[in-house]
Amino acid sequence: LPSDSSQPIRIQADSATLDDKRNTAVYTGNVIITQGSMRLTGGRVTLSTNANGELNTMVTYGSPATYQQTPEANKAPVKARAQTIEYHADRETIVLIQEAFLEQSGNTFQGDYVSYDIPRQVVDAGRGSESANGGQNGGGGRIEIVIQPRSRSNDSSNEEPATP
Amino acid sequence: MPRYLTLGLLLAAGAALALAVGYWNISPGSFAPATVERDNARPDFYIDNARIQMLDEQGKVAYRLTAEHAVHQIEDGSTRLEQPELLFFRGENPTPWLLKANQGLVTEKGDRVDLHTDVLLQQQPDGQPQRQLTTSALTLYPRRDYAETDQSVRIEAARSVTTAEGMKLFLNDGRLQLLSTVRGQYEVR
């Protein structure tokens, strides 16, 4: 929800290490992080803040780490999973790295690198040009996108568009 | 009285006396008052408004301990503290950390301090807003710059509140390990 980003972030974990010198907190052991409708889970989460304690990034590692958030009221939640999920608070984007999979209102995006802009609900799959590291990294960052066709209602009586 | 009667009486009295001595263990010592059972905690001195300063190798103040009332015990050399307050100076960091509690017990010649009831640690992490940590008991090892507890802990920082069960605190680099059931809340705005 648009209001998510101003909600408090709640964290549950088995153990944690808070390190002031590096402004980081590492939570380990079935970690669950919620902020409004956003929900992140993973085996280990590194949360880093700036000098006066404001959130910078939350990097979730898991096999897989999962993400779920409802973009707008009564809209299907966006679901994603990957080996690593980075949440960048300033840009309000999440970056899915390795075995990334994201589902948004029926469409799915898969690849090694998928990023998702939460407020604009824009999915950007595949290696961005700025981090192009050529073909060495195995599949060269191939992506697979499945867009659901608009389901045509069989009888012409109900004309309202079928929601997926 | 016939001779044999007095002799018999004497013998009987002697036997009775011997029996009594054996039976009731009447001995000269048993007539002395029983010595009072000594209480092993024998304070040899106590101090009011105590102020103890420990220096580190370079002679700088490592920590300064103040207490309203301190009682030193002869037997184990421990010191019991009332309302102890410990200022912990950490090398280059100018602002010391304050650690205080209702009760304290200093043992192992000052290398171990057990604090309990309303333990509070006010930390000033470098360049960060103050952080406050409260628990019901904490064991501090000043020489090792280390403290630990198995009690529940509550940590309040500028924008976050964290609770957990059990904690290990490394005072030199401000690292803090929370051992189980960690719950955190970060205020974003």
# chains A, B, ... in the order shown; residues from 1 in each chain; ligands from 1
>>> closest_atom_pairs(of="chain B", to="chain A", cutoff="10 Å", atoms="only C-alpha atoms", output="JSON lines")
{"residue": "B:Gln124", "atom": "CA", "partner": "A:Asp20", "partner_atom": "CA", "distance": 9.7}
{"residue": "B:Pro125", "atom": "CA", "partner": "A:Asp20", "partner_atom": "CA", "distance": 6.1}
{"residue": "B:Asp126", "atom": "CA", "partner": "A:Lys21", "partner_atom": "CA", "distance": 7.0}
{"residue": "B:Gly127", "atom": "CA", "partner": "A:Ala51", "partner_atom": "CA", "distance": 6.8}
{"residue": "B:Gln128", "atom": "CA", "partner": "A:Asn52", "partner_atom": "CA", "distance": 5.9}
{"residue": "B:Pro129", "atom": "CA", "partner": "A:Asn52", "partner_atom": "CA", "distance": 6.6}
{"residue": "B:Ala157", "atom": "CA", "partner": "A:Gly53", "partner_atom": "CA", "distance": 8.4}
{"residue": "B:Ala158", "atom": "CA", "partner": "A:Gly53", "partner_atom": "CA", "distance": 6.9}
{"residue": "B:Arg159", "atom": "CA", "partner": "A:Gly53", "partner_atom": "CA", "distance": 6.2}
{"residue": "B:Ser160", "atom": "CA", "partner": "A:Gly53", "partner_atom": "CA", "distance": 8.2}
{"residue": "B:Val161", "atom": "CA", "partner": "A:Arg10", "partner_atom": "CA", "distance": 9.7}
{"residue": "B:Thr162", "atom": "CA", "partner": "A:Ile11", "partner_atom": "CA", "distance": 8.9}
{"residue": "B:Thr163", "atom": "CA", "partner": "A:Gln12", "partner_atom": "CA", "distance": 9.9}
{"residue": "B:Ala164", "atom": "CA", "partner": "A:Ser15", "partner_atom": "CA", "distance": 8.1}
{"residue": "B:Glu165", "atom": "CA", "partner": "A:Ser15", "partner_atom": "CA", "distance": 9.1}
{"residue": "B:Gly166", "atom": "CA", "partner": "A:Ser15", "partner_atom": "CA", "distance": 9.6}
{"residue": "B:Met167", "atom": "CA", "partner": "A:Ala16", "partner_atom": "CA", "distance": 9.5}
{"residue": "B:Lys168", "atom": "CA", "partner": "A:Thr17", "partner_atom": "CA", "distance": 9.3}
{"residue": "B:Leu169", "atom": "CA", "partner": "A:Leu18", "partner_atom": "CA", "distance": 9.6}
{"residue": "B:Phe170", "atom": "CA", "partner": "A:Asp19", "partner_atom": "CA", "distance": 9.8}
{"residue": "B:Asp173", "atom": "CA", "partner": "A:Lys21", "partner_atom": "CA", "distance": 6.9}
{"residue": "B:Gly174", "atom": "CA", "partner": "A:Asp20", "partner_atom": "CA", "distance": 5.9}
{"residue": "B:Arg175", "atom": "CA", "partner": "A:Asp19", "partner_atom": "CA", "distance": 4.6}
{"residue": "B:Leu176", "atom": "CA", "partner": "A:Leu18", "partner_atom": "CA", "distance": 5.1}
{"residue": "B:Gln177", "atom": "CA", "partner": "A:Thr17", "partner_atom": "CA", "distance": 4.3}
{"residue": "B:Leu178", "atom": "CA", "partner": "A:Ala16", "partner_atom": "CA", "distance": 5.0}
{"residue": "B:Leu179", "atom": "CA", "partner": "A:Ser15", "partner_atom": "CA", "distance": 5.0}
{"residue": "B:Ser180", "atom": "CA", "partner": "A:Ser15", "partner_atom": "CA", "distance": 4.9}
{"residue": "B:Thr181", "atom": "CA", "partner": "A:Asp14", "partner_atom": "CA", "distance": 5.0}
{"residue": "B:Val182", "atom": "CA", "partner": "A:Ala13", "partner_atom": "CA", "distance": 5.1}
{"residue": "B:Arg183", "atom": "CA", "partner": "A:Gln12", "partner_atom": "CA", "distance": 4.7}
{"residue": "B:Gly184", "atom": "CA", "partner": "A:Ile11", "partner_atom": "CA", "distance": 4.8}
{"residue": "B:Gln185", "atom": "CA", "partner": "A:Arg10", "partner_atom": "CA", "distance": 4.5}
{"residue": "B:Tyr186", "atom": "CA", "partner": "A:Ile9", "partner_atom": "CA", "distance": 5.0}
{"residue": "B:Glu187", "atom": "CA", "partner": "A:Pro8", "partner_atom": "CA", "distance": 4.6}
{"residue": "B:Val188", "atom": "CA", "partner": "A:Pro8", "partner_atom": "CA", "distance": 5.7}
{"residue": "B:Arg189", "atom": "CA", "partner": "A:Ser6", "partner_atom": "CA", "distance": 6.2}
>>> residues_around(residues="A:Gly111", least_positions_apart="5", cutoff="8 Å", atoms="only C-alpha atoms", output="PyMOL selection string")
chain A and resi 98-101+125-126+141-144
>>> write_last_selection(atoms="C-alpha atoms", output="PDB file, in the first residue's frame")
ATOM      1  CA  GLN A  98      19.752 -15.289  -8.234  1.00  0.00           C
ATOM      2  CA  GLU A  99      16.832 -17.596  -8.979  1.00  0.00           C
ATOM      3  CA  ALA A 100      14.613 -14.532  -8.947  1.00  0.00           C
ATOM      4  CA  PHE A 101      10.908 -14.971  -9.473  1.00  0.00           C
ATOM      5  CA  ALA A 125      13.926  -7.903 -15.289  1.00  0.00           C
ATOM      6  CA  GLY A 126      17.415  -8.836 -16.515  1.00  0.00           C
ATOM      7  CA  GLY A 141      21.297 -13.060 -17.320  1.00  0.00           C
ATOM      8  CA  ARG A 142      18.572 -14.548 -19.493  1.00  0.00           C
ATOM      9  CA  ILE A 143      15.089 -13.734 -18.346  1.00  0.00           C
ATOM     10  CA  GLU A 144      11.700 -15.284 -18.906  1.00  0.00           C
TER      11      GLU A 144
END
>>> closest_residue(among="B:Leu19, B:Gln130, B:Leu120, B:Leu140", to="B:Val106", atoms="only C-alpha atoms")
B:Leu140
>>> closest_residue(among="B:Ala147, B:Val119, B:Ala62, B:Ala20", to="B:Thr135", atoms="only C-alpha atoms")
B:Val119
>>> select_by_dssp(residues="chain A", states="strand (DSSP E or B)", output="ChimeraX atom specification")
/A:9-13,15-19,24-35,38-49,55-69,78-88,93-104,107-117,122-125,143-146
>>> residues_around(residues="stretch 77-90 of chain B", least_positions_apart="2", cutoff="6 Å", atoms="only C-alpha atoms", output="PDB file with all heavy atoms, in the first residue's frame")
ATOM      1  N   ALA B  62      39.987   3.723  33.599  1.00  0.00           N
ATOM      2  CA  ALA B  62      39.273   2.670  32.859  1.00  0.00           C
ATOM      3  C   ALA B  62      37.808   2.714  33.285  1.00  0.00           C
ATOM      4  O   ALA B  62      36.917   2.849  32.462  1.00  0.00           O
ATOM      5  CB  ALA B  62      39.865   1.307  33.165  1.00  0.00           C
ATOM      6  N   TYR B  63      37.556   2.592  34.584  1.00  0.00           N
ATOM      7  CA  TYR B  63      36.168   2.813  34.990  1.00  0.00           C
ATOM      8  C   TYR B  63      36.129   3.405  36.384  1.00  0.00           C
ATOM      9  O   TYR B  63      37.047   3.258  37.164  1.00  0.00           O
ATOM     10  CB  TYR B  63      35.342   1.536  34.855  1.00  0.00           C
ATOM     11  CG  TYR B  63      35.667   0.398  35.780  1.00  0.00           C
ATOM     12  CD1 TYR B  63      35.096   0.308  37.036  1.00  0.00           C
ATOM     13  CD2 TYR B  63      36.534  -0.611  35.364  1.00  0.00           C
ATOM     14  CE1 TYR B  63      35.368  -0.755  37.868  1.00  0.00           C
ATOM     15  CE2 TYR B  63      36.810  -1.672  36.192  1.00  0.00           C
ATOM     16  CZ  TYR B  63      36.219  -1.738  37.454  1.00  0.00           C
ATOM     17  OH  TYR B  63      36.485  -2.792  38.273  1.00  0.00           O
ATOM     18  N   ARG B  64      35.054   4.127  36.668  1.00  0.00           N
ATOM     19  CA  ARG B  64      34.894   4.795  37.960  1.00  0.00           C
ATOM     20  C   ARG B  64      33.601   4.268  38.571  1.00  0.00           C
ATOM     21  O   ARG B  64      32.536   4.376  37.972  1.00  0.00           O
ATOM     22  CB  ARG B  64      34.789   6.313  37.748  1.00  0.00           C
ATOM     23  CG  ARG B  64      34.629   7.096  39.045  1.00  0.00           C
ATOM     24  CD  ARG B  64      34.610   8.588  38.758  1.00  0.00           C
ATOM     25  NE  ARG B  64      35.834   9.016  38.076  1.00  0.00           N
ATOM     26  CZ  ARG B  64      35.863   9.985  37.150  1.00  0.00           C
ATOM     27  NH1 ARG B  64      34.739  10.574  36.816  1.00  0.00           N
ATOM     28  NH2 ARG B  64      36.988  10.331  36.580  1.00  0.00           N
ATOM     29  N   LEU B  65      33.740   3.652  39.708  1.00  0.00           N
ATOM     30  CA  LEU B  65      32.599   3.019  40.374  1.00  0.00           C
ATOM     31  C   LEU B  65      32.211   3.854  41.584  1.00  0.00           C
ATOM     32  O   LEU B  65      33.061   4.193  42.394  1.00  0.00           O
ATOM     33  CB  LEU B  65      33.045   1.613  40.834  1.00  0.00           C
ATOM     34  CG  LEU B  65      32.067   0.847  41.700  1.00  0.00           C
ATOM     35  CD1 LEU B  65      30.829   0.474  40.901  1.00  0.00           C
ATOM     36  CD2 LEU B  65      32.718  -0.432  42.201  1.00  0.00           C
ATOM     37  N   THR B  66      30.930   4.245  41.653  1.00  0.00           N
ATOM     38  CA  THR B  66      30.485   4.937  42.866  1.00  0.00           C
ATOM     39  C   THR B  66      29.339   4.112  43.454  1.00  0.00           C
ATOM     40  O   THR B  66      28.587   3.472  42.710  1.00  0.00           O
ATOM     41  CB  THR B  66      29.953   6.350  42.536  1.00  0.00           C
ATOM     42  OG1 THR B  66      28.939   6.182  41.541  1.00  0.00           O
ATOM     43  CG2 THR B  66      31.047   7.251  42.008  1.00  0.00           C
ATOM     44  N   ALA B  67      29.197   4.121  44.786  1.00  0.00           N
ATOM     45  CA  ALA B  67      28.106   3.368  45.410  1.00  0.00           C
ATOM     46  C   ALA B  67      27.741   4.057  46.705  1.00  0.00           C
ATOM     47  O   ALA B  67      28.616   4.605  47.393  1.00  0.00           O
ATOM     48  CB  ALA B  67      28.555   1.937  45.707  1.00  0.00           C
ATOM     49  N   GLU B  68      26.443   4.048  47.026  1.00  0.00           N
ATOM     50  CA  GLU B  68      26.028   4.708  48.267  1.00  0.00           C
ATOM     51  C   GLU B  68      26.600   3.989  49.466  1.00  0.00           C
ATOM     52  O   GLU B  68      26.969   4.577  50.467  1.00  0.00           O
ATOM     53  CB  GLU B  68      24.494   4.698  48.344  1.00  0.00           C
ATOM     54  CG  GLU B  68      23.886   5.854  47.567  1.00  0.00           C
ATOM     55  CD  GLU B  68      22.374   5.746  47.539  1.00  0.00           C
ATOM     56  OE1 GLU B  68      21.815   5.059  48.427  1.00  0.00           O
ATOM     57  OE2 GLU B  68      21.779   6.307  46.622  1.00  0.00           O
ATOM     58  N   HIS B  69      26.645   2.642  49.348  1.00  0.00           N
ATOM     59  CA  HIS B  69      27.092   1.875  50.516  1.00  0.00           C
ATOM     60  C   HIS B  69      27.827   0.658  49.989  1.00  0.00           C
ATOM     61  O   HIS B  69      27.312  -0.029  49.111  1.00  0.00           O
ATOM     62  CB  HIS B  69      25.861   1.468  51.327  1.00  0.00           C
ATOM     63  CG  HIS B  69      26.207   0.796  52.635  1.00  0.00           C
ATOM     64  ND1 HIS B  69      26.900   1.444  53.637  1.00  0.00           N
ATOM     65  CD2 HIS B  69      25.998  -0.466  53.072  1.00  0.00           C
ATOM     66  CE1 HIS B  69      27.065   0.617  54.652  1.00  0.00           C
ATOM     67  NE2 HIS B  69      26.543  -0.546  54.353  1.00  0.00           N
ATOM     68  N   ALA B  70      29.046   0.421  50.471  1.00  0.00           N
ATOM     69  CA  ALA B  70      29.799  -0.744  49.996  1.00  0.00           C
ATOM     70  C   ALA B  70      30.292  -1.511  51.221  1.00  0.00           C
ATOM     71  O   ALA B  70      30.834  -0.911  52.152  1.00  0.00           O
ATOM     72  CB  ALA B  70      30.987  -0.280  49.169  1.00  0.00           C
ATOM     73  N   VAL B  71      30.039  -2.818  51.256  1.00  0.00           N
ATOM     74  CA  VAL B  71      30.446  -3.639  52.404  1.00  0.00           C
ATOM     75  C   VAL B  71      31.452  -4.675  51.912  1.00  0.00           C
ATOM     76  O   VAL B  71      31.148  -5.434  50.993  1.00  0.00           O
ATOM     77  CB  VAL B  71      29.215  -4.358  53.010  1.00  0.00           C
ATOM     78  CG1 VAL B  71      29.651  -5.198  54.190  1.00  0.00           C
ATOM     79  CG2 VAL B  71      28.159  -3.342  53.408  1.00  0.00           C
ATOM     80  N   HIS B  72      32.647  -4.673  52.491  1.00  0.00           N
ATOM     81  CA  HIS B  72      33.684  -5.607  52.031  1.00  0.00           C
ATOM     82  C   HIS B  72      33.713  -6.813  52.958  1.00  0.00           C
ATOM     83  O   HIS B  72      33.670  -6.667  54.189  1.00  0.00           O
ATOM     84  CB  HIS B  72      35.046  -4.912  52.048  1.00  0.00           C
ATOM     85  CG  HIS B  72      36.163  -5.782  51.549  1.00  0.00           C
ATOM     86  ND1 HIS B  72      36.965  -6.504  52.404  1.00  0.00           N
ATOM     87  CD2 HIS B  72      36.560  -6.094  50.285  1.00  0.00           C
ATOM     88  CE1 HIS B  72      37.845  -7.204  51.684  1.00  0.00           C
ATOM     89  NE2 HIS B  72      37.621  -6.976  50.399  1.00  0.00           N
ATOM     90  N   GLN B  73      33.745  -8.004  52.389  1.00  0.00           N
ATOM     91  CA  GLN B  73      33.722  -9.223  53.217  1.00  0.00           C
ATOM     92  C   GLN B  73      35.145  -9.766  53.351  1.00  0.00           C
ATOM     93  O   GLN B  73      35.882  -9.809  52.375  1.00  0.00           O
ATOM     94  CB  GLN B  73      32.858 -10.297  52.545  1.00  0.00           C
ATOM     95  CG  GLN B  73      31.460  -9.853  52.200  1.00  0.00           C
ATOM     96  CD  GLN B  73      30.630  -9.595  53.459  1.00  0.00           C
ATOM     97  OE1 GLN B  73      31.076  -9.911  54.573  1.00  0.00           O
ATOM     98  NE2 GLN B  73      29.487  -8.964  53.284  1.00  0.00           N
ATOM     99  N   ILE B  74      35.515 -10.231  54.573  1.00  0.00           N
ATOM    100  CA  ILE B  74      36.868 -10.790  54.758  1.00  0.00           C
ATOM    101  C   ILE B  74      37.000 -12.087  53.984  1.00  0.00           C
ATOM    102  O   ILE B  74      37.892 -12.263  53.176  1.00  0.00           O
ATOM    103  CB  ILE B  74      37.136 -11.084  56.256  1.00  0.00           C
ATOM    104  CG1 ILE B  74      37.298  -9.781  57.021  1.00  0.00           C
ATOM    105  CG2 ILE B  74      38.407 -11.929  56.401  1.00  0.00           C
ATOM    106  CD1 ILE B  74      37.629 -10.003  58.472  1.00  0.00           C
ATOM    107  N   GLU B  75      35.996 -13.018  54.211  1.00  0.00           N
ATOM    108  CA  GLU B  75      36.175 -14.399  53.727  1.00  0.00           C
ATOM    109  C   GLU B  75      36.583 -14.413  52.263  1.00  0.00           C
ATOM    110  O   GLU B  75      37.684 -14.843  51.913  1.00  0.00           O
ATOM    111  CB  GLU B  75      34.858 -15.180  53.882  1.00  0.00           C
ATOM    112  CG  GLU B  75      34.992 -16.298  54.902  1.00  0.00           C
ATOM    113  CD  GLU B  75      35.271 -15.700  56.271  1.00  0.00           C
ATOM    114  OE1 GLU B  75      34.720 -14.630  56.544  1.00  0.00           O
ATOM    115  OE2 GLU B  75      36.093 -16.271  57.013  1.00  0.00           O
ATOM    116  N   ASN B  93      36.773   7.200  22.798  1.00  0.00           N
ATOM    117  CA  ASN B  93      35.426   7.772  22.800  1.00  0.00           C
ATOM    118  C   ASN B  93      35.261   8.698  24.003  1.00  0.00           C
ATOM    119  O   ASN B  93      35.407   8.280  25.136  1.00  0.00           O
ATOM    120  CB  ASN B  93      34.416   6.613  22.894  1.00  0.00           C
ATOM    121  CG  ASN B  93      32.999   7.131  22.810  1.00  0.00           C
ATOM    122  OD1 ASN B  93      32.636   8.044  23.541  1.00  0.00           O
ATOM    123  ND2 ASN B  93      32.235   6.558  21.914  1.00  0.00           N
ATOM    124  N   PRO B  96      31.761   8.673  28.335  1.00  0.00           N
ATOM    125  CA  PRO B  96      31.777   7.345  28.941  1.00  0.00           C
ATOM    126  C   PRO B  96      30.367   6.755  28.925  1.00  0.00           C
ATOM    127  O   PRO B  96      29.389   7.480  28.721  1.00  0.00           O
ATOM    128  CB  PRO B  96      32.218   7.636  30.375  1.00  0.00           C
ATOM    129  CG  PRO B  96      31.789   9.040  30.632  1.00  0.00           C
ATOM    130  CD  PRO B  96      31.896   9.756  29.311  1.00  0.00           C
ATOM    131  N   TRP B  97      30.258   5.466  29.144  1.00  0.00           N
ATOM    132  CA  TRP B  97      28.935   4.826  29.226  1.00  0.00           C
ATOM    133  C   TRP B  97      28.582   4.677  30.696  1.00  0.00           C
ATOM    134  O   TRP B  97      29.448   4.404  31.525  1.00  0.00           O
ATOM    135  CB  TRP B  97      28.983   3.439  28.568  1.00  0.00           C
ATOM    136  CG  TRP B  97      29.142   3.539  27.095  1.00  0.00           C
ATOM    137  CD1 TRP B  97      29.202   4.684  26.355  1.00  0.00           C
ATOM    138  CD2 TRP B  97      29.292   2.466  26.174  1.00  0.00           C
ATOM    139  NE1 TRP B  97      29.359   4.386  25.041  1.00  0.00           N
ATOM    140  CE2 TRP B  97      29.424   3.026  24.887  1.00  0.00           C
ATOM    141  CE3 TRP B  97      29.325   1.082  26.289  1.00  0.00           C
ATOM    142  CZ2 TRP B  97      29.587   2.263  23.750  1.00  0.00           C
ATOM    143  CZ3 TRP B  97      29.485   0.321  25.161  1.00  0.00           C
ATOM    144  CH2 TRP B  97      29.606   0.906  23.901  1.00  0.00           C
ATOM    145  N   LEU B  98      27.306   4.848  31.001  1.00  0.00           N
ATOM    146  CA  LEU B  98      26.871   4.744  32.398  1.00  0.00           C
ATOM    147  C   LEU B  98      26.168   3.405  32.595  1.00  0.00           C
ATOM    148  O   LEU B  98      25.315   3.023  31.785  1.00  0.00           O
ATOM    149  CB  LEU B  98      25.888   5.891  32.722  1.00  0.00           C
ATOM    150  CG  LEU B  98      25.173   5.760  34.071  1.00  0.00           C
ATOM    151  CD1 LEU B  98      26.179   5.910  35.195  1.00  0.00           C
ATOM    152  CD2 LEU B  98      24.081   6.806  34.184  1.00  0.00           C
ATOM    153  N   LEU B  99      26.571   2.692  33.638  1.00  0.00           N
ATOM    154  CA  LEU B  99      25.927   1.399  33.947  1.00  0.00           C
ATOM    155  C   LEU B  99      25.536   1.458  35.415  1.00  0.00           C
ATOM    156  O   LEU B  99      26.379   1.717  36.264  1.00  0.00           O
ATOM    157  CB  LEU B  99      26.954   0.277  33.723  1.00  0.00           C
ATOM    158  CG  LEU B  99      26.535  -1.152  34.059  1.00  0.00           C
ATOM    159  CD1 LEU B  99      25.315  -1.558  33.240  1.00  0.00           C
ATOM    160  CD2 LEU B  99      27.677  -2.111  33.763  1.00  0.00           C
ATOM    161  N   LYS B 100      24.216   1.287  35.706  1.00  0.00           N
ATOM    162  CA  LYS B 100      23.868   1.357  37.136  1.00  0.00           C
ATOM    163  C   LYS B 100      22.800   0.334  37.469  1.00  0.00           C
ATOM    164  O   LYS B 100      22.124  -0.189  36.585  1.00  0.00           O
ATOM    165  CB  LYS B 100      23.422   2.773  37.503  1.00  0.00           C
ATOM    166  CG  LYS B 100      22.198   3.331  36.788  1.00  0.00           C
ATOM    167  CD  LYS B 100      21.935   4.750  37.292  1.00  0.00           C
ATOM    168  CE  LYS B 100      20.645   5.282  36.676  1.00  0.00           C
ATOM    169  NZ  LYS B 100      20.259   6.573  37.256  1.00  0.00           N
ATOM    170  N   ALA B 101      22.670   0.035  38.774  1.00  0.00           N
ATOM    171  CA  ALA B 101      21.703  -0.980  39.224  1.00  0.00           C
ATOM    172  C   ALA B 101      21.411  -0.741  40.700  1.00  0.00           C
ATOM    173  O   ALA B 101      22.049   0.097  41.332  1.00  0.00           O
ATOM    174  CB  ALA B 101      22.315  -2.368  39.053  1.00  0.00           C
ATOM    175  N   ASN B 102      20.427  -1.492  41.225  1.00  0.00           N
ATOM    176  CA  ASN B 102      20.131  -1.357  42.656  1.00  0.00           C
ATOM    177  C   ASN B 102      21.189  -2.033  43.497  1.00  0.00           C
ATOM    178  O   ASN B 102      21.633  -1.521  44.521  1.00  0.00           O
ATOM    179  CB  ASN B 102      18.768  -2.019  42.960  1.00  0.00           C
ATOM    180  CG  ASN B 102      17.654  -1.036  42.630  1.00  0.00           C
ATOM    181  OD1 ASN B 102      17.943   0.063  42.150  1.00  0.00           O
ATOM    182  ND2 ASN B 102      16.425  -1.439  42.852  1.00  0.00           N
ATOM    183  N   GLN B 103      21.567  -3.245  43.052  1.00  0.00           N
ATOM    184  CA  GLN B 103      22.521  -4.016  43.851  1.00  0.00           C
ATOM    185  C   GLN B 103      23.705  -4.398  42.986  1.00  0.00           C
ATOM    186  O   GLN B 103      23.560  -4.581  41.787  1.00  0.00           O
ATOM    187  CB  GLN B 103      21.855  -5.312  44.338  1.00  0.00           C
ATOM    188  CG  GLN B 103      20.540  -5.113  45.066  1.00  0.00           C
ATOM    189  CD  GLN B 103      20.795  -4.723  46.490  1.00  0.00           C
ATOM    190  OE1 GLN B 103      21.824  -5.109  47.062  1.00  0.00           O
ATOM    191  NE2 GLN B 103      19.927  -3.895  47.045  1.00  0.00           N
ATOM    192  N   GLY B 104      24.863  -4.568  43.629  1.00  0.00           N
ATOM    193  CA  GLY B 104      26.017  -5.048  42.870  1.00  0.00           C
ATOM    194  C   GLY B 104      26.893  -5.891  43.777  1.00  0.00           C
ATOM    195  O   GLY B 104      26.834  -5.758  44.997  1.00  0.00           O
ATOM    196  N   LEU B 105      27.661  -6.800  43.156  1.00  0.00           N
ATOM    197  CA  LEU B 105      28.602  -7.619  43.937  1.00  0.00           C
ATOM    198  C   LEU B 105      29.899  -7.686  43.147  1.00  0.00           C
ATOM    199  O   LEU B 105      29.931  -8.187  42.020  1.00  0.00           O
ATOM    200  CB  LEU B 105      28.022  -9.032  44.138  1.00  0.00           C
ATOM    201  CG  LEU B 105      28.917  -9.956  44.967  1.00  0.00           C
ATOM    202  CD1 LEU B 105      29.022  -9.423  46.395  1.00  0.00           C
ATOM    203  CD2 LEU B 105      28.368 -11.375  44.975  1.00  0.00           C
ATOM    204  N   VAL B 106      30.958  -7.159  43.738  1.00  0.00           N
ATOM    205  CA  VAL B 106      32.260  -7.154  43.066  1.00  0.00           C
ATOM    206  C   VAL B 106      33.054  -8.333  43.596  1.00  0.00           C
ATOM    207  O   VAL B 106      33.204  -8.478  44.809  1.00  0.00           O
ATOM    208  CB  VAL B 106      33.028  -5.847  43.354  1.00  0.00           C
ATOM    209  CG1 VAL B 106      34.352  -5.842  42.600  1.00  0.00           C
ATOM    210  CG2 VAL B 106      32.196  -4.642  42.997  1.00  0.00           C
ATOM    211  N   THR B 107      33.491  -9.215  42.687  1.00  0.00           N
ATOM    212  CA  THR B 107      34.290 -10.368  43.120  1.00  0.00           C
ATOM    213  C   THR B 107      35.511 -10.465  42.215  1.00  0.00           C
ATOM    214  O   THR B 107      35.675  -9.661  41.293  1.00  0.00           O
ATOM    215  CB  THR B 107      33.452 -11.659  43.002  1.00  0.00           C
ATOM    216  OG1 THR B 107      32.907 -11.673  41.683  1.00  0.00           O
ATOM    217  CG2 THR B 107      32.348 -11.704  44.026  1.00  0.00           C
TER     218      THR B 107
END
>>> residues_around(residues="A:Met38", least_positions_apart="4", cutoff="8 Å", atoms="only C-alpha atoms", output="list in words")
Asp4, Thr34, Tyr67, Gln68, Gln69 and Thr70 of chain A
>>> residues_around(residues="A:Thr60", least_positions_apart="3", cutoff="7 Å", atoms="only C-alpha atoms", output="VMD selection string")
chain A and resid 42 44 to 46 65 84 to 86
